[in-house]
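Undergrad: Sharing a structure below in structure tokens format, with a few things to ask.
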Amino acid sequence: MNDTLTKKDFKSDQEVRWCPGCGDYAILNVVQKACATIGKPKDEVVFVSGIGCSSRFPYYMDTYGFHTIHGRAPAVATGVKTANPDLSVWVVTGDGDALSIGGNHLAHILRRNLDINILLFNNEIYGLTKGQYSPTSPSGTRTKTSPMGSVDRPFNPISFALGCNATFVARTADNNLKHMSTVLEAAAAHKGTSFIEIYQNCVIFNDGAFEDVINKKVRDDRTVDLEPGQPMIYGKQGDKGLRADGFNMTRCAPEEASVWNPGARSAAAAFTMSTLDQEPAMPNPIGIFRCVEDLVFEDEVASQVSSAIASKGRGSLQDLIYAGETWKIE
Amino acid sequence: MNDTLTKKDFKSDQEVRWCPGCGDYAILNVVQKACATIGKPKDEVVFVSGIGCSSRFPYYMDTYGFHTIHGRAPAVATGVKTANPDLSVWVVTGDGDALSIGGNHLAHILRRNLDINILLFNNEIYGLTKGQYSPTSPSGTRTKTSPMGSVDRPFNPISFALGCNATFVARTADNNLKHMSTVLEAAAAHKGTSFIEIYQNCVIFNDGAFEDVINKKVRDDRTVDLEPGQPMIYGKQGDKGLRADGFNMTRCAPEEASVWNPGARSAAAAFTMSTLDQEPAMPNPIGIFRCVEDLVFEDEVASQVSSAIASKGRGSLQDLIYAGETWKIE
Amino acid sequence: MTFTTSSGELPLELAETVVIRFAGDSGDGMQLTGNQFTTASALVGNDLATLPDYPAEIRAPAGTRAGVSGFQLAFSSKDIHTPGDAPDVLVAMNPAALAVNIKQLKPGGLVIANTGSFSQQDLLKAQCETNPLADGSLDGFRVIEIDINKRVKEALADSGLSSKDVQRCKNFYTLGLMYWLYSRPMEPTQAWLKEKFAKRPELAEANIAALKAGFNAGDIHQLFQGRYEVKPCTDLDPGTYRNIMGNPALGLGLIAGAELAGLELVLGSYPITPATTILETLAGFKNYGVTTIQLEDEIAAVCAAIGASFAGKLGMTTTSGPGLALKGEALGLALMTELPLVVVNVQRGGPSTGLPTKTEQADLNQAIFGRNGESPIPVLACATVADAFECAIEACRIAVEYMTPVILLTDGFIANGSEPWKLPRVEDLPRFEVKFHTDTENFLPYSRDDKGARPWAKPGTKGLAHRIGGLEKEHLTGNVCYDTDNHEFMVHQRRDKVMGIRDSIATPEVKGAQEGPVLVLGWGSTYGAITEACNLLKQDGTEVGQMHMRHLWPMPAGLEEIFGRFERVLVCEINMGQLAGILRSQYQHTEFVSHGRVLGMPLQSHEIASKIKSLLK
Amino acid sequence: MTFTTSSGELPLELAETVVIRFAGDSGDGMQLTGNQFTTASALVGNDLATLPDYPAEIRAPAGTRAGVSGFQLAFSSKDIHTPGDAPDVLVAMNPAALAVNIKQLKPGGLVIANTGSFSQQDLLKAQCETNPLADGSLDGFRVIEIDINKRVKEALADSGLSSKDVQRCKNFYTLGLMYWLYSRPMEPTQAWLKEKFAKRPELAEANIAALKAGFNAGDIHQLFQGRYEVKPCTDLDPGTYRNIMGNPALGLGLIAGAELAGLELVLGSYPITPATTILETLAGFKNYGVTTIQLEDEIAAVCAAIGASFAGKLGMTTTSGPGLALKGEALGLALMTELPLVVVNVQRGGPSTGLPTKTEQADLNQAIFGRNGESPIPVLACATVADAFECAIEACRIAVEYMTPVILLTDGFIANGSEPWKLPRVEDLPRFEVKFHTDTENFLPYSRDDKGARPWAKPGTKGLAHRIGGLEKEHLTGNVCYDTDNHEFMVHQRRDKVMGIRDSIATPEVKGAQEGPVLVLGWGSTYGAITEACNLLKQDGTEVGQMHMRHLWPMPAGLEEIFGRFERVLVCEINMGQLAGILRSQYQHTEFVSHGRVLGMPLQSHEIASKIKSLLK
Ligand SMILES: Cc1ncc(C[n+]2csc(CCOP(=O)(O)OP(=O)(O)O)c2C)c(N)n1
Ligand SMILES: Cc1ncc(C[n+]2csc(CCOP(=O)(O)OP(=O)(O)O)c2C)c(N)n1
Ligand code: SF4
Ligand code: SF4
Ligand SMILES: [Mg+2]
Ligand SMILES: [Mg+2]
């Protein structure tokens, strides 16, 4: 812990070039603050991103940064972290970058469970290419490439991550700075891949996409915060609860609410919560869906290397070349 | 229905080139039989595959066939089906083809819900490249590329498909021909993407991978068949049941077993079943995890085209070119 | 077309060609302003050419240099071919716009500066240490200062709009002023505004009021020494015209190409700058039987297109450089399975992500060579906006007549540039109707017709069930075949088929001198700049030969003979000499000199002209 | 090394070079048999070269032509360079093996046929209408018929093994026979069997018994006119040798390269034939600090390698043609971010999936040109199995000294072929230790040293936090920069850096004639065939020049001068003339003649020799 770090330490000298009003600004702010709180020296922190408005993020962090190519940030980050497990590695990506072109790399980093934090800025649109529907856009979204409405059924990023057996899965929103901080810190504390969906507003191409859920006026009633070890209670007055009932989730009085446990071995409960937003009468869960420990890829890789060295001895060039059946010609 | 079709009609003149004893033979047999039963004329059937032992499948079917490139079969099939929705389109793929290089295309075809049947031959190994661990190989699998054991956590194909909001998800095994037929016919009857994981034995590189679950001697006790509308009862004597209990699944007496409903709007129950195999005391579910109706991609695409034609009239070359603000120079 | 003006007393000068650059913040609507001026000029009957230039960010912070968006257009009473090497007039909405663009302005050119956005803070945002309007840095230019912010505010005082909305009308005030200065009609813009803001008539009104205010601002007009008229261009061929940008023109060509093949079109695509607008164009033409699928990535896009072609439609895909890189493997599948496929690559600045909104021609090598194995694919490139339409049709023709993937190259300059397009007569368009194979007698999927094309038998056809794939195919049967002689035979068959396309294409025409010291050769969007350069030389009394290549692979017959008539060939391209390199390997007896620049911009005619001159010495 | 034999009475002839091809079912263990014969021959001290040839299917149905697996080897008392154009001896375990391979056998060559597998049913499976042993189709060859099935059964009658297991020993019976015929020692194979079947000693016993039975089958031996001895090769340089295949040799070179750079190695890879065994090799060397990651696809593999290099290790990736096609976009990222990266491409038959288990050299164009934008990447190729080790080190050197991705080409023939490798002395290996940048004073991520390389500052280094990416970089600072002049400047910087590599490489040596009518030029695995061809001509009294290129991009200095000494240059490659095309574009004053074959096999020396002769006429 380096308690002298402040948010300012994580601000790079580069001019931030998002549109005025873009939700990305708020996220940048919170991440910079969270990094200071987490306290890892900034020279040991790496931000890796793909391509998209959101993926410009690393330029604005005064850490090591890699703005890679579209969709491939998880793969590059896998290389970074495996090569040097001591680094704190963050991936910043968009709904297009992560779930369209990059869906496979995201899926695989989640199953491999490297100790990396992934921030998915979900604005339900391709921002940088000027507003086409994305894999998270609701069916029927009208954009220039879908003038009569999109016909694709969207991904739910949380369900997707759980389907990949991700060990840490959470959701937060760009207008809920305190919540975002809490979630980010929990993610950083988690050993394994942390996947965080952040509802992010694109003022230019998809303004207000999440308003009906996260607007400060309605959010208490329209969202339920999944807090580890807490009963699932929500509502402005804390007057509503959620209870697991067989395969179903039902609304109930706050006293009867089930206690949320993101640490169950099976991701089934978390998955159930992830599909809740399909039910109009139900709140949209935010917070921590899942948080379990499992094998961490880079640790296993490193331990195989060190146990090979321990058992066979560190190889030398001489051993390498002069091995197997050799013979001499004189 | 063409009731004169027989299995032989679907046999091509090409020599089958799998290893003697490979599970692929059994699947080929059942698929040929199922095609005859389904009764779609063979000239209206297309098999599309990627690369792998399993992906040689189309050559052996006397239908139209396309042996494409590694991992891309779902994308090619999307083009085929969108271009001609009248065709019956099948994708044959392996665990490497579908879930390693092709994971993203698989995920997207599942969310788009084209009316295509996908058969994933899961042998938990890369067969054609001579036996490297695959994304479904259990952690610790020793192969030539993982001499000290693989360190990746595997995908569960069923969980993955459900995470992508697939509308039909099922599992069967190469040694259970009757079960496979039933599942295949249900898949063909389903309107939307049908995803079927088939446990398939690779005698050469991963012999017996599923023996402990599907061997005829143990399978009654080690698997539970998810049959729509039936209670979840299993065991040689039909003496065991499964019951949903809050977020958990518990074993119970057969009388108390929950009735399996693959048609629930939320995929949560199906997902719960998909994670059951993590519990040593629990049976491994086979059968139909999910079967729900939803928007079908190619139908929506076609209906937009026809409604555009209906509302604007079928465009002509003259209209196309001489549109917008024009002027004459004389 | 009539218009009134309150400043009739100022002299009306005739001008031949004028080049204006509008520049402001990404949020200032400069592209829109430029496009309106373009439309108005087209309707006046001028020839014109445009060059939009915007940043890779959507809306970088207001007032910064990174956020500057520009739009240059040339309009003329003569036949012109480029948006001009350097603007005559720069309209700068703020200091950043001025700072970024001033170096391109012609010596003695006119600067119209919006002083309303030149506050100390504005200067700071633009990283200007001193005020360029005051520090002498504009010496050598004519500068007209107008506080447009204030003017609009005054003009719309009674509009009832918020002051933010009022300031949004700045660009129409400016447009009005420029309409006055260059004697353009306001009606088309008024009509356009009414349609655009049909649901918010108060905004239409306000913008129209701003437009008129600019047009009628007599006191400002006095600052100018006069106004100009640019007469209709009479050099243009008679016919019906329409103003169009390159990507839409190309999109229309794809639709036409499919129609002329008697097929429906399936476009599989993934958005990428600057290709996206082709997908967007086609998505709007569903009533032409057009299907567009926006896929999860470029690989899926080309694969879906291949699947569609297999199923009997005309599969297409559109992309830009990095996307083409991703499609390489699948293109190999298309050529091995010998299915028709049209691949459009809109080149942008590279390598890697490079300069996404800038133009370049550096994907030629990739298009011709960028796949594993011996994998010949025909490549063509369009020279102008209008040519994009024709080339799209030509690409479709080659694809279906030869059962092959085809790559059509265009670039960011053509994609977003616009020009008057002389509309072709439908009956003059080539027809190449596809006949699907239906004969079940002795069906051999890899037999060949006289062009070397294999039969196209689509699924659903009775009795023709067959299987194709990416493994080497046996001659005639198409079965998987590892035989070595068959492999070599098939490699030759595929090569010969593609080389045979040369029999269906004409030798390009040489313009100007038919022999002599220099032939100037280009491909793609350099056409305009090279043409202007040759015109410049001609005015100086020097005539060189000029040739432009549409078909880059295979190269047309007859080039050897043409090259033989010149001492050397100057190859002009927006890259480091890619075509020059390929030509050298094909025509060893010719001396090729490369003029390659990679500035993210079209080539400049005067630069080409002096390069030619240097070769003539 | 001693051995006994029961057939001492037969004449023992001396042979110089013998070429044997073993052929049987994929399940018959032909690769294993071939490899054992190879090891035994290596230990005898012969020079040797091998050519495995197996189908793309794992184990196609027994007895079919599709299932035939072959292994050819040449062993010699002379210095040899190829596995031979045509075998002297064909061992055919069944009719399919005979049918597939007979056309390559030398006229008058020896066929050893296992009649035990020539039943009517076997013939049917092999699609033989008549029995080739009886129908006269083997006229012109010497045929020895042995019922190996029966022989093994007899030999192992008391082994207690199932008859299936007994039949699995057929190949060792055959091997024993061949050991006898060519006077090889059995001990190494016996030792190998004991180790391999340590857990099932009864199988080791049975196989050894079969081996000995073949070796001692006196009655069969009588069928031969004699047996042969191939003396140790004395042409080989003195030194320590080991027999090795190309892919393992290359893998060792990668490990050595990283070590010589003072770095640890991270290989990101995805299995693909014929590259997989490099990944498999490296996975076995974890105690050298080697990290291998098997990723989800080729794109992830190269991206992980790039990430590893960014983090300060030496990132590498291995693949074959279709995989390289997929990596194109990411290679652009590596070159834009100027990170070291070694990319190994093991070429196979293309295009598309093509002929996965056959060899070809048709990815050269792709390696040099297959990316968007101006994207120069150095390319080199190894000539032999032993050279694979050296080239891997050289690729590492270039990558770290110039901060650049490097593509190393090899092919299926080198990958799976083996030869005696003269082991280098560790102290003779080049060292190019990397010094990471640590100085925080004025750190400029895109400044350059005298080689044009930028500083490598790895994450974790205090005070050097910086950001890189695929957008165009500003000179020195590395900030994102859309400035046009900077773009052109950087394009030139990247080009000049790569072209500058030529200062660190030697001009290739010309062997044989130093001037004259023909220089024979090759690259990659054609080295052996070209060398043999030149030797053949020399025996005929004709000497031509021979040159082999390791560095294909940039090309070394001095070639112009060399080419100038010859009337023409014959370029031999397993493709349709790719290097010839590139050379033509680089050296316009030289006449290049292309000898390109694409048979999925190494070039044949006699064919090259006659091509040279035709040029000498
Ligand atoms: C290979 C490739 N394909 C396509 C693109 C174009 N592209 C850039 S960003 C983007 C989508 C961005 O969407 P998202 O990830 O949601 O980010 P946002 O801009 O919304 O933050 C696309 C399609 C590209 N840069 N590279
Ligand atoms: C682009 C590309 N990368 C890699 C390969 C090599 N390859 C062929 S099949 C395969 C994996 C096959 O595994 P799976 O899909 O499980 O099929 P199986 O052989 O087990 O049926 C791989 C890696 C390839 N053909 N193409
Ligand atoms: S386009 Fe949207 S997501 Fe991109 S910077 Fe602007 S507001 Fe943000
Ligand atoms: S390698 Fe395995 S999967 Fe492939 S054909 Fe043989 S047994 Fe079947
Ligand atoms: Mg987005
Ligand atoms: Mg498999």
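By convention in this document, the chains of the structure tokens carry letters A, B, ... by their order, each chain's residues are numbered from 1, and ligands are numbered from 1 in the order they are shown.
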Please find the residues contacting ligand 1 at a distance of at most 6 Å between atoms, with only C-alpha atoms and all ligand atoms counted, and report them as a compact mmCIF listing (two decimals) with C-alpha atoms, in the first residue's frame.

TA:
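Ended up saving to pocket-v3.txt:
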# COMPACT_ATOMS: atom_id res chain seq x y z
CA ILE A 51 -10.34 -0.16 -30.41
CA GLY A 52 -13.33 2.07 -29.79
CA CYS A 53 -13.99 5.32 -27.98
CA SER A 54 -13.66 3.47 -24.69
CA HIS A 70 -9.94 -4.27 -32.29
CA GLY A 94 -16.41 -1.59 -25.30
CA ASP A 95 -19.47 -3.66 -26.09
CA GLY A 96 -18.37 -3.90 -29.69
CA ASP A 97 -14.73 -4.53 -28.94
CA ASN A 123 -23.10 1.86 -24.32
CA ILE A 125 -23.62 1.09 -29.64
CA TYR A 126 -20.48 1.33 -31.73
CA GLY A 127 -19.40 4.83 -30.79
CA LEU A 128 -16.17 5.32 -32.68
CA THR A 129 -17.58 4.22 -36.02
CA PRO C 271 -18.29 -1.43 -39.69
CA ILE C 272 -14.88 0.13 -40.23
CA PRO C 322 -7.05 -3.99 -41.17
CA GLY C 323 -10.27 -5.78 -42.04

Undergrad: Residues within 10 Å of ligand 4, counting only C-alpha atoms and all ligand atoms: report them as a PyMOL selection string.

TA: (chain B and resi 16-25+52-56+94+121-131+200-207) or (chain D and resi 57-61)

Undergrad: Hey, what's within 12 Å of D:Leu559 if we count only C-alpha atoms and toss same-chain stuff fewer than 2 positions away? As a PyMOL selection string, please?

TA: chain D and resi 502+506-510+519+521+547-549+551-552+554-557+561-566+569+583+586-590

Undergrad: How close does chain D get to chain C? List, as JSON lines, each residue of chain D within 6 Å, its nearest atom pair and the distance in Å to one decimal, counting only C-alpha atoms.

TA:
{"residue": "D:Gly321", "atom": "CA", "partner": "C:Asn372", "partner_atom": "CA", "distance": 4.9}
{"residue": "D:Pro322", "atom": "CA", "partner": "C:Glu329", "partner_atom": "CA", "distance": 5.6}
{"residue": "D:Ala325", "atom": "CA", "partner": "C:Glu329", "partner_atom": "CA", "distance": 5.3}
{"residue": "D:Leu326", "atom": "CA", "partner": "C:Leu326", "partner_atom": "CA", "distance": 5.7}
{"residue": "D:Gly328", "atom": "CA", "partner": "C:Ala325", "partner_atom": "CA", "distance": 5.4}
{"residue": "D:Glu329", "atom": "CA", "partner": "C:Ala325", "partner_atom": "CA", "distance": 5.3}
{"residue": "D:Gly332", "atom": "CA", "partner": "C:Ser352", "partner_atom": "CA", "distance": 4.5}
{"residue": "D:Leu333", "atom": "CA", "partner": "C:Ser352", "partner_atom": "CA", "distance": 5.2}
{"residue": "D:Gly350", "atom": "CA", "partner": "C:Gly373", "partner_atom": "CA", "distance": 4.1}
{"residue": "D:Pro351", "atom": "CA", "partner": "C:Gly373", "partner_atom": "CA", "distance": 4.1}
{"residue": "D:Ser352", "atom": "CA", "partner": "C:Gly332", "partner_atom": "CA", "distance": 4.5}
{"residue": "D:Thr353", "atom": "CA", "partner": "C:Gly470", "partner_atom": "CA", "distance": 4.9}
{"residue": "D:Gly354", "atom": "CA", "partner": "C:Leu471", "partner_atom": "CA", "distance": 4.3}
{"residue": "D:Ala362", "atom": "CA", "partner": "C:Gly373", "partner_atom": "CA", "distance": 4.5}
{"residue": "D:Asp363", "atom": "CA", "partner": "C:Asn372", "partner_atom": "CA", "distance": 5.1}
{"residue": "D:Asn365", "atom": "CA", "partner": "C:Phe369", "partner_atom": "CA", "distance": 5.6}
{"residue": "D:Gln366", "atom": "CA", "partner": "C:Gly370", "partner_atom": "CA", "distance": 4.7}
{"residue": "D:Phe369", "atom": "CA", "partner": "C:Asn365", "partner_atom": "CA", "distance": 5.6}
{"residue": "D:Gly370", "atom": "CA", "partner": "C:Gly370", "partner_atom": "CA", "distance": 3.7}
{"residue": "D:Arg371", "atom": "CA", "partner": "C:Gln366", "partner_atom": "CA", "distance": 5.4}
{"residue": "D:Asn372", "atom": "CA", "partner": "C:Gly321", "partner_atom": "CA", "distance": 4.9}
{"residue": "D:Gly373", "atom": "CA", "partner": "C:Gly350", "partner_atom": "CA", "distance": 4.1}
{"residue": "D:Glu374", "atom": "CA", "partner": "C:Pro351", "partner_atom": "CA", "distance": 5.6}
{"residue": "D:Ser375", "atom": "CA", "partner": "C:Pro351", "partner_atom": "CA", "distance": 5.7}
{"residue": "D:Gly470", "atom": "CA", "partner": "C:Thr353", "partner_atom": "CA", "distance": 4.9}
{"residue": "D:Leu471", "atom": "CA", "partner": "C:Gly354", "partner_atom": "CA", "distance": 4.3}
{"residue": "D:Glu472", "atom": "CA", "partner": "C:Gly354", "partner_atom": "CA", "distance": 4.7}
{"residue": "D:Thr484", "atom": "CA", "partner": "C:Leu599", "partner_atom": "CA", "distance": 4.6}
{"residue": "D:Glu488", "atom": "CA", "partner": "C:Val598", "partner_atom": "CA", "distance": 5.2}
{"residue": "D:Gly581", "atom": "CA", "partner": "C:Ser585", "partner_atom": "CA", "distance": 5.3}
{"residue": "D:Arg584", "atom": "CA", "partner": "C:Ser585", "partner_atom": "CA", "distance": 4.6}
{"residue": "D:Ser585", "atom": "CA", "partner": "C:Ser585", "partner_atom": "CA", "distance": 4.1}
{"residue": "D:Gln588", "atom": "CA", "partner": "C:Gln588", "partner_atom": "CA", "distance": 5.9}
{"residue": "D:Val598", "atom": "CA", "partner": "C:Glu488", "partner_atom": "CA", "distance": 5.2}
{"residue": "D:Leu599", "atom": "CA", "partner": "C:Thr484", "partner_atom": "CA", "distance": 4.6}
{"residue": "D:Gly600", "atom": "CA", "partner": "C:Thr484", "partner_atom": "CA", "distance": 5.9}

Undergrad: Once you count only C-alpha atoms, which residues of chain C turn out to be within 7 Å of chain B? Could you give them as a PyMOL selection string?

TA: chain C and resi 43+238-242+256+266+286-289+300+303-308+310-311+313+333+423+426+459-463+465-470

Undergrad: Show which residues sit within 10 Å of A:Arg142, as a PyMOL selection string. Count only C-alpha atoms, and ignore same-chain residues fewer than 4 positions away.

TA: chain A and resi 131-133+137-138+146-151

Undergrad: Please write the residues from the selection above to a file, keeping N, CA and C atoms, as a PDB file, in the first residue's frame.

TA:
ATOM      1  N   GLY A 131     -22.012   5.096 -34.566  1.00  0.00           N
ATOM      2  CA  GLY A 131     -23.381   4.739 -34.232  1.00  0.00           C
ATOM      3  C   GLY A 131     -24.057   3.627 -34.990  1.00  0.00           C
ATOM      4  N   GLN A 132     -23.433   2.444 -35.042  1.00  0.00           N
ATOM      5  CA  GLN A 132     -24.163   1.277 -35.521  1.00  0.00           C
ATOM      6  C   GLN A 132     -24.565   0.432 -34.311  1.00  0.00           C
ATOM      7  N   TYR A 133     -25.605  -0.384 -34.472  1.00  0.00           N
ATOM      8  CA  TYR A 133     -26.037  -1.225 -33.358  1.00  0.00           C
ATOM      9  C   TYR A 133     -24.926  -2.224 -33.009  1.00  0.00           C
ATOM     10  N   SER A 137     -27.127  -4.096 -28.267  1.00  0.00           N
ATOM     11  CA  SER A 137     -28.290  -3.264 -28.594  1.00  0.00           C
ATOM     12  C   SER A 137     -29.544  -4.122 -28.571  1.00  0.00           C
ATOM     13  N   PRO A 138     -30.605  -3.628 -27.975  1.00  0.00           N
ATOM     14  CA  PRO A 138     -31.852  -4.400 -27.969  1.00  0.00           C
ATOM     15  C   PRO A 138     -32.344  -4.652 -29.398  1.00  0.00           C
ATOM     16  N   SER A 146     -29.137  -0.413 -39.515  1.00  0.00           N
ATOM     17  CA  SER A 146     -30.375  -1.162 -39.239  1.00  0.00           C
ATOM     18  C   SER A 146     -31.547  -0.191 -39.323  1.00  0.00           C
ATOM     19  N   PRO A 147     -31.746   0.378 -40.509  1.00  0.00           N
ATOM     20  CA  PRO A 147     -32.766   1.430 -40.623  1.00  0.00           C
ATOM     21  C   PRO A 147     -34.171   0.935 -40.298  1.00  0.00           C
ATOM     22  N   MET A 148     -34.420  -0.358 -40.455  1.00  0.00           N
ATOM     23  CA  MET A 148     -35.733  -0.886 -40.113  1.00  0.00           C
ATOM     24  C   MET A 148     -35.709  -1.588 -38.760  1.00  0.00           C
ATOM     25  N   GLY A 149     -34.650  -1.374 -38.009  1.00  0.00           N
ATOM     26  CA  GLY A 149     -34.518  -2.010 -36.687  1.00  0.00           C
ATOM     27  C   GLY A 149     -33.611  -3.224 -36.768  1.00  0.00           C
ATOM     28  N   SER A 150     -32.764  -3.397 -35.755  1.00  0.00           N
ATOM     29  CA  SER A 150     -31.860  -4.557 -35.761  1.00  0.00           C
ATOM     30  C   SER A 150     -32.678  -5.821 -35.507  1.00  0.00           C
ATOM     31  N   VAL A 151     -32.239  -6.927 -36.089  1.00  0.00           N
ATOM     32  CA  VAL A 151     -32.990  -8.169 -35.915  1.00  0.00           C
ATOM     33  C   VAL A 151     -32.241  -9.162 -35.042  1.00  0.00           C
TER      34      VAL A 151
END

Undergrad: So the first atom is atom CA of D:Thr17 and the second is atom CA of D:Lys78; what is the distance between them in Å, to one decimal place?

TA: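 These two atoms are separated by 7.2 Å.
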
Undergrad: Based on only C-alpha atoms, which of the residues in chain A come within 6 Å of chain B? I want them as an MDAnalysis selection string.

TA: chainID A and resid 103:104 111:112 152:153 159:160 163:164 244:247 268:269 271:272

Undergrad: How would the residues just chosen look if you wrote them out with N, CA and C atoms as a CSV table (one decimal), in the first residue's frame?

TA:
chain,number,residue,atom,x,y,z
A,103,GLY,N,-15.3,-11.3,-28.9
A,103,GLY,CA,-16.0,-12.2,-28.0
A,103,GLY,C,-15.3,-13.5,-27.6
A,104,ASN,N,-14.5,-14.0,-28.5
A,104,ASN,CA,-13.8,-15.3,-28.2
A,104,ASN,C,-12.7,-15.0,-27.3
A,111,ARG,N,-12.4,-18.0,-18.9
A,111,ARG,CA,-12.2,-19.4,-18.5
A,111,ARG,C,-10.8,-19.6,-17.9
A,112,ARG,N,-9.8,-18.9,-18.5
A,112,ARG,CA,-8.5,-19.2,-18.1
A,112,ARG,C,-8.2,-18.5,-16.7
A,152,ASP,N,-31.1,-8.8,-34.6
A,152,ASP,CA,-30.3,-9.7,-33.7
A,152,ASP,C,-30.8,-9.6,-32.3
A,153,ARG,N,-30.9,-10.8,-31.7
A,153,ARG,CA,-31.1,-10.8,-30.2
A,153,ARG,C,-29.8,-10.4,-29.5
A,159,SER,N,-24.6,-12.7,-18.4
A,159,SER,CA,-24.9,-14.1,-18.7
A,159,SER,C,-23.8,-14.7,-19.5
A,160,PHE,N,-23.3,-13.9,-20.4
A,160,PHE,CA,-22.2,-14.4,-21.2
A,160,PHE,C,-21.0,-14.8,-20.4
A,163,GLY,N,-21.6,-17.8,-18.4
A,163,GLY,CA,-21.5,-19.0,-19.3
A,163,GLY,C,-20.1,-19.4,-19.6
A,164,CYS,N,-19.2,-18.5,-19.4
A,164,CYS,CA,-17.7,-18.8,-19.6
A,164,CYS,C,-17.1,-19.2,-18.3
A,244,ALA,N,-35.3,-16.5,-3.8
A,244,ALA,CA,-35.2,-17.6,-4.7
A,244,ALA,C,-36.2,-18.6,-4.4
A,245,ASP,N,-36.9,-19.1,-5.4
A,245,ASP,CA,-38.0,-20.0,-5.2
A,245,ASP,C,-38.0,-21.1,-6.2
A,246,GLY,N,-37.4,-22.2,-5.9
A,246,GLY,CA,-37.2,-23.2,-6.9
A,246,GLY,C,-36.3,-22.6,-8.0
A,247,PHE,N,-36.7,-22.8,-9.2
A,247,PHE,CA,-35.9,-22.3,-10.3
A,247,PHE,C,-36.2,-20.8,-10.5
A,268,ALA,N,-24.9,-20.9,-11.0
A,268,ALA,CA,-26.4,-21.0,-11.3
A,268,ALA,C,-27.1,-19.8,-10.7
A,269,ALA,N,-26.9,-19.5,-9.5
A,269,ALA,CA,-27.7,-18.4,-8.8
A,269,ALA,C,-27.3,-17.1,-9.5
A,271,PHE,N,-26.4,-16.7,-12.5
A,271,PHE,CA,-27.0,-16.7,-13.8
A,271,PHE,C,-28.5,-16.3,-13.7
A,272,THR,N,-29.1,-16.9,-12.7
A,272,THR,CA,-30.5,-16.5,-12.5
A,272,THR,C,-30.7,-15.0,-12.4

Undergrad: Using DSSP on the backbone, list every residue of stretch 208-379 of chain C that comes out as strand (DSSP E), and give them as an MDAnalysis selection string.

TA: chainID C and resid 227:229 239:245 265:269 291:294 314:319 341:347 379

Undergrad: I'd like the neighbourhood of B:Phe210 as a list in words, where a residue qualifies if any of its atoms comes within 8 Å (using only C-alpha atoms), though same-chain residues fewer than 3 positions away should be ignored.

TA: Tyr199, Asn201, Val213, Ile214 and Asn215 of chain B
